[in-house]
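Enquirer: Sharing model.csv, CSV, C-alpha atoms and all ligand atoms:
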```
chain,number,residue,atom,x,y,z
V,1030,MET,CA,35.2,14.6,15.8
V,1031,LYS,CA,32.7,16.1,18.4
V,1032,ASN,CA,33.1,19.6,16.9
V,1033,ILE,CA,32.4,18.4,13.4
V,1034,LEU,CA,29.4,16.3,14.3
V,1035,ASP,CA,27.9,19.1,16.5
V,1036,LYS,CA,28.4,21.5,13.6
V,1037,LEU,CA,26.7,19.1,11.2
V,1038,TYR,CA,23.8,18.8,13.6
V,1039,LYS,CA,23.5,22.6,13.9
V,1040,ASP,CA,24.1,23.7,10.3
V,1041,ASN,CA,23.1,20.6,8.3
V,1042,TYR,CA,26.2,21.2,6.3
V,1043,LEU,CA,29.8,19.9,6.0
V,1044,ASN,CA,32.6,20.5,3.5
V,1045,LYS,CA,34.4,17.7,1.7
V,1046,GLU,CA,37.3,17.5,4.1
V,1047,GLU,CA,35.0,17.3,7.1
V,1048,ILE,CA,33.0,14.4,5.5
V,1049,ILE,CA,36.2,12.6,4.7
V,1050,PHE,CA,37.5,13.2,8.2
V,1051,ILE,CA,34.4,11.6,9.7
V,1052,LEU,CA,34.5,8.6,7.3
V,1053,ASP,CA,38.2,8.0,7.9
V,1054,ASN,CA,38.2,8.3,11.7
V,1055,ILE,CA,34.8,7.3,13.1
V,1056,ASN,CA,34.8,4.6,15.7
V,1057,SER,CA,32.0,2.9,17.7
V,1058,LYS,CA,31.9,5.7,20.3
V,1059,TRP,CA,31.4,8.4,17.7
V,1060,GLU,CA,29.1,6.3,15.7
V,1061,SER,CA,26.6,6.2,18.6
V,1062,TYR,CA,26.9,9.9,18.9
V,1063,LEU,CA,26.3,10.4,15.2
V,1064,PHE,CA,23.3,8.1,15.2
V,1065,LYS,CA,21.9,10.0,18.2
V,1066,LEU,CA,22.1,13.3,16.4
V,1067,ALA,CA,20.5,11.7,13.3
V,1068,ARG,CA,17.6,10.4,15.4
V,1069,LYS,CA,17.1,13.7,17.0
V,1070,THR,CA,16.9,15.3,13.6
V,1071,LEU,CA,14.4,12.7,12.4
V,1072,PHE,CA,12.2,13.2,15.5
V,1073,ARG,CA,12.2,16.9,14.7
V,1074,THR,CA,11.1,16.3,11.0
V,1075,TYR,CA,9.0,13.2,10.7
V,1076,GLY,CA,8.9,11.9,14.3
V,1077,ASN,CA,9.1,8.2,15.2
V,1078,ARG,CA,7.4,7.0,12.1
V,1079,VAL,CA,8.4,4.6,9.4
V,1080,PHE,CA,6.6,5.0,6.1
V,1081,VAL,CA,5.7,1.9,4.0
V,1082,ARG,CA,5.9,1.7,0.2
V,1083,GLY,CA,4.6,-1.2,-1.8
V,1084,LEU,CA,7.2,-2.1,-4.5
V,1085,LEU,CA,5.9,-3.7,-7.7
V,1086,GLU,CA,8.6,-4.9,-10.1
V,1087,PHE,CA,6.6,-5.0,-13.3
V,1088,SER,CA,9.3,-5.8,-15.9
V,1089,ASN,CA,12.9,-7.1,-15.7
V,1090,TYR,CA,13.8,-6.4,-19.3
V,1091,CYS,CA,16.5,-3.8,-19.4
V,1092,ARG,CA,18.4,-2.1,-22.3
V,1093,ASN,CA,21.3,-1.2,-20.0
V,1094,ASN,CA,24.4,-3.1,-18.9
V,1095,CYS,CA,25.2,-1.7,-15.4
V,1096,ILE,CA,28.1,-4.0,-14.4
V,1097,TYR,CA,26.7,-4.6,-10.9
V,1098,CYS,CA,23.1,-5.4,-11.8
V,1099,GLY,CA,21.7,-8.9,-12.1
V,1100,ILE,CA,19.1,-7.9,-14.7
V,1101,ARG,CA,21.6,-6.2,-17.1
V,1102,LYS,CA,21.0,-6.8,-20.7
V,1103,ASP,CA,23.9,-9.1,-21.2
V,1104,ASN,CA,22.9,-11.5,-18.4
V,1105,LYS,CA,21.4,-14.3,-20.6
V,1106,ASN,CA,20.5,-16.3,-17.5
V,1107,VAL,CA,17.5,-14.1,-16.6
V,1108,ASP,CA,14.0,-15.4,-17.2
V,1109,ARG,CA,12.6,-12.1,-18.5
V,1110,TYR,CA,9.0,-11.1,-17.8
V,1111,ARG,CA,6.6,-8.2,-18.3
V,1112,LEU,CA,3.4,-7.7,-16.3
V,1113,SER,CA,0.3,-6.7,-18.1
V,1114,LYS,CA,-1.9,-3.8,-17.1
V,1115,LYS,CA,-4.3,-6.3,-15.6
V,1116,GLU,CA,-1.6,-8.0,-13.5
V,1117,ILE,CA,-0.3,-4.7,-12.3
V,1118,LEU,CA,-3.8,-3.5,-11.3
V,1119,SER,CA,-4.6,-6.7,-9.5
V,1120,SER,CA,-1.4,-6.5,-7.4
V,1121,LEU,CA,-2.2,-2.9,-6.5
V,1122,SER,CA,-5.7,-3.8,-5.6
V,1123,GLU,CA,-4.6,-6.5,-3.2
V,1124,SER,CA,-2.1,-4.2,-1.5
V,1125,SER,CA,-4.6,-1.4,-1.4
V,1126,ARG,CA,-6.8,-3.7,0.6
V,1127,LEU,CA,-3.9,-4.3,3.0
V,1128,GLY,CA,-3.7,-0.6,3.6
V,1129,TYR,CA,-0.9,0.6,1.3
V,1130,ASN,CA,-1.1,4.2,0.1
V,1131,THR,CA,2.1,4.5,-1.8
V,1132,PHE,CA,3.1,2.3,-4.7
V,1133,VAL,CA,6.4,2.2,-6.5
V,1134,LEU,CA,6.3,0.8,-10.0
V,1135,GLN,CA,9.8,-0.3,-10.8
V,1136,SER,CA,11.3,-2.0,-13.9
V,1137,GLY,CA,14.5,-2.2,-16.0
V,1138,GLU,CA,14.7,0.3,-18.8
V,1139,ASP,CA,12.2,-1.4,-20.9
V,1140,ILE,CA,11.1,0.4,-24.1
V,1141,TYR,CA,8.1,-1.9,-24.4
V,1142,TYR,CA,6.3,0.4,-22.0
V,1143,THR,CA,5.8,3.5,-24.2
V,1144,ASP,CA,4.7,6.9,-22.8
V,1145,GLU,CA,1.2,6.1,-24.1
V,1146,TYR,CA,1.1,2.8,-22.3
V,1147,LEU,CA,2.3,4.2,-19.1
V,1148,GLU,CA,0.1,7.3,-19.3
V,1149,ASP,CA,-2.9,5.1,-19.7
V,1150,LEU,CA,-1.9,2.9,-16.8
V,1151,ILE,CA,-1.1,5.8,-14.5
V,1152,LYS,CA,-4.5,7.5,-15.3
V,1153,GLU,CA,-6.3,4.2,-14.6
V,1154,ILE,CA,-4.5,3.7,-11.3
V,1155,LYS,CA,-5.2,7.3,-10.2
V,1156,LEU,CA,-8.8,7.0,-11.2
V,1157,LYS,CA,-9.2,3.9,-9.1
V,1158,TYR,CA,-7.1,5.1,-6.2
V,1159,PRO,CA,-7.2,9.0,-6.3
V,1160,GLU,CA,-5.6,9.3,-2.8
V,1161,ILE,CA,-2.5,7.2,-3.3
V,1162,ALA,CA,1.0,8.4,-4.1
V,1163,LEU,CA,2.4,6.9,-7.2
V,1164,THR,CA,6.1,6.5,-7.7
V,1165,LEU,CA,7.9,5.4,-10.9
V,1166,SER,CA,11.4,3.9,-10.9
V,1167,ILE,CA,11.9,3.1,-14.6
V,1168,GLY,CA,15.2,4.8,-15.4
V,1169,GLU,CA,16.2,7.5,-17.8
V,1170,ARG,CA,13.7,9.0,-20.2
V,1171,SER,CA,13.5,12.3,-22.1
V,1172,PHE,CA,12.2,15.5,-20.4
V,1173,LYS,CA,9.1,15.3,-22.6
V,1174,SER,CA,8.4,11.7,-21.4
V,1175,TYR,CA,9.0,12.6,-17.7
V,1176,GLU,CA,6.6,15.5,-18.2
V,1177,LYS,CA,3.9,13.4,-19.8
V,1178,LEU,CA,4.1,10.8,-17.0
V,1179,PHE,CA,3.9,13.5,-14.4
V,1180,LYS,CA,0.9,15.1,-16.0
V,1181,ALA,CA,-0.8,11.7,-16.1
V,1182,GLY,CA,-0.7,11.7,-12.3
V,1183,THR,CA,2.7,10.3,-11.2
V,1184,ASP,CA,3.8,11.9,-7.9
V,1185,ARG,CA,7.3,10.7,-7.4
V,1186,PHE,CA,10.2,9.3,-9.3
V,1187,LEU,CA,13.2,7.3,-8.1
V,1188,LEU,CA,16.4,7.5,-10.0
V,1189,ARG,CA,19.5,6.7,-8.0
V,1190,HIS,CA,22.6,8.6,-9.1
V,1191,GLU,CA,24.5,5.4,-8.2
V,1192,THR,CA,27.8,7.3,-7.7
V,1193,ALA,CA,28.6,11.0,-8.1
V,1194,ASN,CA,32.1,10.3,-9.3
V,1195,SER,CA,31.9,10.8,-13.1
V,1196,THR,CA,34.8,8.5,-13.9
V,1197,ILE,CA,33.5,5.6,-11.8
V,1198,TYR,CA,29.9,6.3,-13.1
V,1199,ASN,CA,31.0,6.1,-16.7
V,1200,ASN,CA,33.1,3.0,-16.0
V,1201,ILE,CA,30.4,0.9,-14.4
V,1202,HIS,CA,27.6,2.0,-16.7
V,1203,PRO,CA,28.6,1.2,-20.3
V,1204,ASP,CA,26.9,3.4,-22.8
V,1205,MET,CA,25.6,5.7,-20.1
V,1206,ASP,CA,26.8,9.1,-19.0
V,1207,TRP,CA,27.1,10.8,-15.7
V,1208,ASN,CA,26.1,14.2,-17.1
V,1209,ARG,CA,23.0,12.7,-18.6
V,1210,ARG,CA,22.1,11.0,-15.3
V,1211,LYS,CA,22.5,14.3,-13.4
V,1212,GLY,CA,20.5,16.1,-16.1
V,1213,SER,CA,17.6,13.6,-15.7
V,1214,LEU,CA,17.6,14.2,-11.9
V,1215,TYR,CA,17.3,17.9,-12.4
V,1216,ASP,CA,14.7,17.4,-15.1
V,1217,LEU,CA,12.6,15.4,-12.7
V,1218,LYS,CA,12.9,18.0,-10.0
V,1219,LYS,CA,12.0,20.8,-12.4
V,1220,ILE,CA,8.9,19.0,-13.6
V,1221,GLY,CA,7.7,18.8,-10.0
V,1222,TYR,CA,8.2,15.2,-9.0
V,1223,GLN,CA,9.2,14.3,-5.5
V,1224,THR,CA,12.5,13.0,-6.7
V,1225,GLY,CA,14.7,10.3,-5.3
V,1226,ALA,CA,18.4,9.9,-5.8
V,1227,GLY,CA,20.9,7.7,-4.0
V,1228,PHE,CA,24.0,5.5,-4.3
V,1229,ILE,CA,25.5,2.1,-3.9
V,1230,VAL,CA,28.1,1.6,-1.1
V,1231,GLY,CA,31.1,-0.6,-1.9
V,1232,LEU,CA,31.5,0.0,-5.6
V,1233,PRO,CA,35.0,-0.7,-7.0
V,1234,GLU,CA,37.4,2.3,-6.6
V,1235,GLN,CA,34.9,4.0,-4.2
V,1236,THR,CA,37.1,5.7,-1.6
V,1237,ASN,CA,35.9,7.9,1.3
V,1238,LYS,CA,36.6,10.9,-1.0
V,1239,VAL,CA,34.1,9.5,-3.5
V,1240,LEU,CA,31.5,8.9,-0.8
V,1241,ALA,CA,32.0,12.6,0.2
V,1242,GLU,CA,31.2,13.5,-3.4
V,1243,ASP,CA,28.0,11.5,-3.2
V,1244,LEU,CA,26.9,13.3,0.0
V,1245,LEU,CA,27.8,16.7,-1.4
V,1246,PHE,CA,26.0,15.9,-4.7
V,1247,LEU,CA,22.9,15.0,-2.6
V,1248,LYS,CA,23.2,18.3,-0.7
V,1249,GLU,CA,23.3,20.2,-3.9
V,1250,LEU,CA,20.4,18.3,-5.6
V,1251,GLU,CA,18.3,18.3,-2.4
V,1252,PRO,CA,16.2,15.3,-3.4
V,1253,ALA,CA,13.0,14.5,-1.6
V,1254,MET,CA,14.2,10.9,-1.1
V,1255,VAL,CA,17.5,9.2,-0.8
V,1256,GLY,CA,18.1,5.4,-1.2
V,1257,ILE,CA,21.5,4.1,0.0
V,1258,GLY,CA,22.3,0.4,-0.1
V,1259,PRO,CA,25.4,-1.9,0.0
V,1260,LEU,CA,26.6,-3.6,-3.2
V,1261,ILE,CA,25.6,-7.2,-3.3
V,1262,PRO,CA,27.7,-8.8,-6.0
V,1263,HIS,CA,25.6,-10.8,-8.4
V,1264,PRO,CA,27.3,-14.0,-9.7
V,1265,ASN,CA,26.2,-13.4,-13.3
V,1266,THR,CA,27.7,-9.9,-13.6
V,1267,PRO,CA,31.2,-8.5,-14.1
V,1268,LEU,CA,31.3,-7.6,-10.4
V,1269,LYS,CA,30.8,-11.2,-9.2
V,1270,LYS,CA,34.2,-11.2,-7.4
V,1271,GLU,CA,33.7,-7.9,-5.7
V,1272,LYS,CA,33.3,-7.7,-1.9
V,1273,ILE,CA,29.9,-7.1,-0.4
V,1274,GLY,CA,29.4,-3.4,0.6
V,1275,SER,CA,29.8,-2.7,4.3
V,1276,PRO,CA,26.5,-2.5,6.2
V,1277,GLU,CA,28.1,-0.5,8.9
V,1278,LYS,CA,29.3,2.1,6.5
V,1279,THR,CA,25.9,2.1,4.8
V,1280,ILE,CA,24.3,3.0,8.1
V,1281,ILE,CA,26.8,5.7,8.8
V,1282,LEU,CA,26.0,7.2,5.4
V,1283,ILE,CA,22.3,7.1,6.2
V,1284,ALA,CA,22.9,9.0,9.4
V,1285,LEU,CA,25.1,11.6,7.6
V,1286,THR,CA,22.4,12.0,4.9
V,1287,ARG,CA,19.7,12.5,7.6
V,1288,LEU,CA,21.8,15.3,9.1
V,1289,LEU,CA,22.7,16.9,5.7
V,1290,LEU,CA,19.1,16.7,4.5
V,1291,PRO,CA,16.8,16.6,7.6
V,1292,GLU,CA,13.6,16.5,5.5
V,1293,ALA,CA,14.6,13.7,3.1
V,1294,LEU,CA,12.7,10.4,3.1
V,1295,ILE,CA,15.4,7.8,3.6
V,1296,PRO,CA,14.5,4.1,3.0
V,1297,VAL,CA,16.2,1.4,4.9
V,1298,THR,CA,16.9,-0.5,1.7
V,1299,THR,CA,16.1,-4.0,0.9
V,1300,ALA,CA,19.8,-4.6,0.1
V,1301,LEU,CA,20.7,-3.6,3.6
V,1302,ASN,CA,18.0,-5.8,5.1
V,1303,THR,CA,19.2,-8.7,3.0
V,1304,ILE,CA,22.8,-8.8,4.1
V,1305,TYR,CA,22.3,-7.6,7.7
V,1306,LYS,CA,20.0,-9.3,10.2
V,1307,TYR,CA,19.4,-6.0,12.1
V,1308,GLY,CA,19.5,-3.9,9.0
V,1309,PHE,CA,16.1,-2.4,9.6
V,1310,GLU,CA,16.6,-1.6,13.2
V,1311,SER,CA,20.0,-0.1,12.7
V,1312,GLY,CA,18.9,1.9,9.7
V,1313,VAL,CA,15.9,3.4,11.5
V,1314,LEU,CA,17.9,4.2,14.6
V,1315,ALA,CA,20.4,6.0,12.3
V,1316,GLY,CA,17.7,8.2,10.7
V,1317,GLY,CA,16.1,6.0,8.1
V,1318,ASN,CA,12.3,6.3,7.9
V,1319,VAL,CA,10.9,4.3,5.0
V,1320,ILE,CA,10.6,0.7,4.1
V,1321,MET,CA,9.8,-0.7,0.7
V,1322,LEU,CA,8.0,-4.0,0.8
V,1323,ASN,CA,7.7,-6.2,-2.2
V,1324,ILE,CA,4.2,-6.5,-3.6
V,1325,SER,CA,5.1,-8.2,-6.9
V,1326,PRO,CA,3.1,-11.4,-7.7
V,1327,ASN,CA,4.9,-14.4,-6.2
V,1328,TYR,CA,5.4,-16.0,-9.7
V,1329,VAL,CA,7.8,-13.2,-10.7
V,1330,ARG,CA,9.6,-12.3,-7.5
V,1331,LYS,CA,12.5,-14.7,-8.0
V,1332,LYS,CA,13.1,-13.3,-11.5
V,1333,TYR,CA,13.7,-9.7,-10.5
V,1334,GLU,CA,17.1,-10.6,-9.2
V,1335,ILE,CA,19.2,-7.4,-9.2
V,1336,TYR,CA,21.3,-9.1,-6.5
V,1337,LYS,CA,21.5,-12.6,-5.0
V,1338,ASN,CA,19.2,-13.8,-2.2
V,1339,LYS,CA,17.0,-10.8,-2.5
V,1340,GLU,CA,14.2,-11.0,0.2
V,1341,THR,CA,11.1,-12.6,-1.3
V,1342,LYS,CA,8.7,-12.7,1.7
V,1343,ASP,CA,4.9,-12.3,1.6
V,1344,ALA,CA,2.1,-10.2,3.0
V,1345,LYS,CA,3.0,-11.2,6.6
V,1346,GLU,CA,6.1,-9.0,6.1
V,1347,LEU,CA,4.0,-6.0,7.0
V,1348,ASP,CA,3.2,-7.4,10.4
V,1349,ILE,CA,6.8,-8.4,11.0
V,1350,PHE,CA,8.0,-4.9,10.4
V,1351,ARG,CA,5.2,-3.5,12.6
V,1352,LYS,CA,6.5,-5.6,15.5
V,1353,ARG,CA,10.2,-4.8,14.7
V,1354,ALA,CA,9.4,-1.1,14.6
V,1355,LYS,CA,7.5,-1.1,17.8
V,1356,LYS,CA,10.4,-2.8,19.6
V,1357,ILE,CA,12.6,0.2,18.9
V,1358,GLY,CA,10.0,2.7,19.7
V,1359,PHE,CA,8.7,3.5,16.2
V,1360,ILE,CA,5.4,3.0,14.5
V,1361,VAL,CA,4.7,1.9,10.9
V,1362,ASP,CA,2.7,4.6,9.1
V,1363,MET,CA,0.7,3.5,6.1
V,1364,GLU,CA,-0.2,7.0,4.9
V,1365,ARG,CA,1.2,8.5,1.8
V,1366,GLY,CA,4.2,9.8,3.6
V,1367,ASP,CA,5.0,12.8,1.4
V,1368,ASN,CA,8.1,14.8,1.7
V,1369,LEU,CA,7.5,17.7,4.1
V,1370,ASN,CA,8.0,20.2,1.4
V,1371,PHE,CA,5.3,18.7,-0.8
V,1372,ARG,CA,1.6,18.4,-0.3
V,1373,GLY,CA,-0.1,16.0,-2.6
V,1374,ASN,CA,1.3,16.8,-6.0
V,1375,LYS,CA,2.2,20.4,-5.3
V,1376,ASN,CA,5.6,21.7,-4.5
V,1377,VAL,CA,4.8,24.1,-1.7
V,1401,LIG,N1,23.7,-4.6,-5.4
V,1401,LIG,C1,23.2,-3.6,-4.7
V,1401,LIG,N2,22.3,-2.7,-5.3
V,1401,LIG,C2,22.1,-2.9,-6.6
V,1401,LIG,N3,21.3,-2.3,-7.4
V,1401,LIG,C3,21.3,-2.9,-8.6
V,1401,LIG,N4,22.1,-3.9,-8.6
V,1401,LIG,C4,22.6,-4.0,-7.3
V,1401,LIG,C5,23.5,-4.9,-6.6
V,1401,LIG,N5,24.0,-5.9,-7.2
V,1401,LIG,C6,20.5,-1.1,-7.1
V,1401,LIG,C7,20.8,0.1,-8.0
V,1401,LIG,C8,19.5,0.5,-8.6
V,1401,LIG,C9,18.5,-0.1,-7.6
V,1401,LIG,C10,17.2,-0.3,-8.1
V,1401,LIG,O1,19.1,-1.3,-7.2
V,1401,LIG,O2,21.3,1.2,-7.2
V,1401,LIG,O3,19.3,1.9,-8.8
```
Would you encode the structure as structure tokens?
Expert:
Amino acid sequence: MKNILDKLYKDNYLNKEEIIFILDNINSKWESYLFKLARKTLFRTYGNRVFVRGLLEFSNYCRNNCIYCGIRKDNKNVDRYRLSKKEILSSLSESSRLGYNTFVLQSGEDIYYTDEYLEDLIKEIKLKYPEIALTLSIGERSFKSYEKLFKAGTDRFLLRHETANSTIYNNIHPDMDWNRRKGSLYDLKKIGYQTGAGFIVGLPEQTNKVLAEDLLFLKELEPAMVGIGPLIPHPNTPLKKEKIGSPEKTIILIALTRLLLPEALIPVTTALNTIYKYGFESGVLAGGNVIMLNISPNYVRKKYEIYKNKETKDAKELDIFRKRAKKIGFIVDMERGDNLNFRGNKNV
């Protein structure tokens, strides 16, 4: 184990067998060692800083039917909502006053928001807040559409690959296709977005071999950001009887990702924080360096329920995380927090 971990630290590379070996055999002693190496790597790249993103969930309409997701099209128990431009701008304005410099606009795949609508919105946001980094997380669109939204001023795009195993991908995403997903991620990179990928831990049929495929896919794609979170079964979805994804395993995968991609921005995800009391601390001490705090208006927060018991705290959250970070020797950084290989909107 030591040889493999040391090699990973030195080369930032592992082959499939080595990843599987780690996942099959790691115990608490080697976990501590792995986390130490991941931390050392993080200190070398971004230092002891945790970047903050403001997450605005602007629509929970979705045309897709991902079998794990609470806002899937066929869930008729969702109270659907769409925020207007005015509501979106007012949420951003409030958060901007609190010091946020990065916003993530997230929604289901909602065709109501056309390219023209979004281009207008993005331009308006960028005119008002020229310094901020704007991230979209709105699912799959055409190359042309991604290009328009980028030209309008979007800096980053989050599109988790969810699982890199094509059979599992196609099984859990009716009417979607792994090759298309992969294509979208490469499109986003090509256009110049700081692109985020990532996967869910604890999907049905997901063995350590499949998780190794996820990590190798990430290594090949080299995204600027990687979100990894445990499955939280939602009662109104086909996966309602599935087990919760393991927080321990999620944290190990965060650490391995930090070592494979030293310069990636890796959030300690809301899902991990929801199911695990010390999710934030453990995630950061294993190489995670981003938190995404919800800035959606209170009257819609409960409705964006991709999984049950999703955290719905308020503005005080920022202070709470400041204190929690400080306790483990980190500081919360409110700047844009670009990937090291990007400056502003330019891929250097
Ligand atoms: N449990 C955990 N993560 C989920 N997501 C959606 N539904 C769930 C769930 N039930 C994740 C997906 C998606 C991201 C926004 O939320 O990975 O990309």
Enquirer: Pick out the residues no farther than 9 Å from ligand LIG 1401 (chain V), counting all atoms listed in the file, and list them as a VMD selection string.
Expert: chain V and resid 1095 to 1101 1135 to 1137 1166 1168 1187 to 1192 1226 to 1231 1256 to 1263 1266 1268 to 1269 1273 to 1274 1299 to 1301 1334 to 1337
Enquirer: Any idea what the distance is between atom CA of Met1030 of chain V and atom CA of Ile1295 of chain V?
Expert: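 If I compute the distance from atom CA of Met1030 of chain V to atom CA of Ile1295 of chain V, I get 24.2 Å.
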Enquirer: From the options V:Ser1057, V:Gln1223, V:Ser1113, V:Asn1318, which residue's atoms come nearest to Glu1086 of chain V, counting all atoms listed in the file?
Expert: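 Closest to Glu1086 of chain V of all the choices is V:Ser1113.
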Enquirer: Between atom CA of Gly1312 of chain V and atom CA of Phe1132 of chain V, what is the distance in Å, rounded to a tenth?
Expert: 21.4 Å
Enquirer: Which residues, written as a PDB file with C-alpha atoms, keeping the file's coordinate frame, have at least one atom at most 12 Å from Ile1055 of chain V, with all atoms listed in the file counted and residues fewer than 6 positions away on the same chain left out?
Expert:
```
ATOM      1  CA  MET V1030      35.200  14.600  15.800  1.00  0.00           C
ATOM      2  CA  LYS V1031      32.700  16.100  18.400  1.00  0.00           C
ATOM      3  CA  ILE V1033      32.400  18.400  13.400  1.00  0.00           C
ATOM      4  CA  LEU V1034      29.400  16.300  14.300  1.00  0.00           C
ATOM      5  CA  GLU V1047      35.000  17.300   7.100  1.00  0.00           C
ATOM      6  CA  ILE V1048      33.000  14.400   5.500  1.00  0.00           C
ATOM      7  CA  ILE V1049      36.200  12.600   4.700  1.00  0.00           C
ATOM      8  CA  SER V1061      26.600   6.200  18.600  1.00  0.00           C
ATOM      9  CA  TYR V1062      26.900   9.900  18.900  1.00  0.00           C
ATOM     10  CA  LEU V1063      26.300  10.400  15.200  1.00  0.00           C
ATOM     11  CA  PHE V1064      23.300   8.100  15.200  1.00  0.00           C
ATOM     12  CA  ASN V1237      35.900   7.900   1.300  1.00  0.00           C
ATOM     13  CA  GLU V1277      28.100  -0.500   8.900  1.00  0.00           C
ATOM     14  CA  LYS V1278      29.300   2.100   6.500  1.00  0.00           C
ATOM     15  CA  ILE V1281      26.800   5.700   8.800  1.00  0.00           C
ATOM     16  CA  LEU V1282      26.000   7.200   5.400  1.00  0.00           C
ATOM     17  CA  LEU V1285      25.100  11.600   7.600  1.00  0.00           C
TER      18      LEU V1285
END
```
Enquirer: Just checking: using all atoms listed in the file, which residue out of V:Leu1250, V:Leu1232, V:Gly1358, V:Ala1193 ends up closest to Leu1214 of chain V?
Expert: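 When distances to Leu1214 of chain V are compared using all atoms listed in the file, the smallest one comes from V:Leu1250.
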Enquirer: Once you count only C-alpha atoms, which residues end up no further than 10 Å from (9.4, 19.7, -11.8) in the file's frame, shown as an MDAnalysis selection string?
Expert: chainID V and resid 1172 1175:1176 1179 1214:1224 1375:1376
Enquirer: Mind giving me the straight-line distance from atom CA of Phe1359 of chain V to atom CA of Pro1276 of chain V in Å, one decimal?
Expert: 21.3 Å
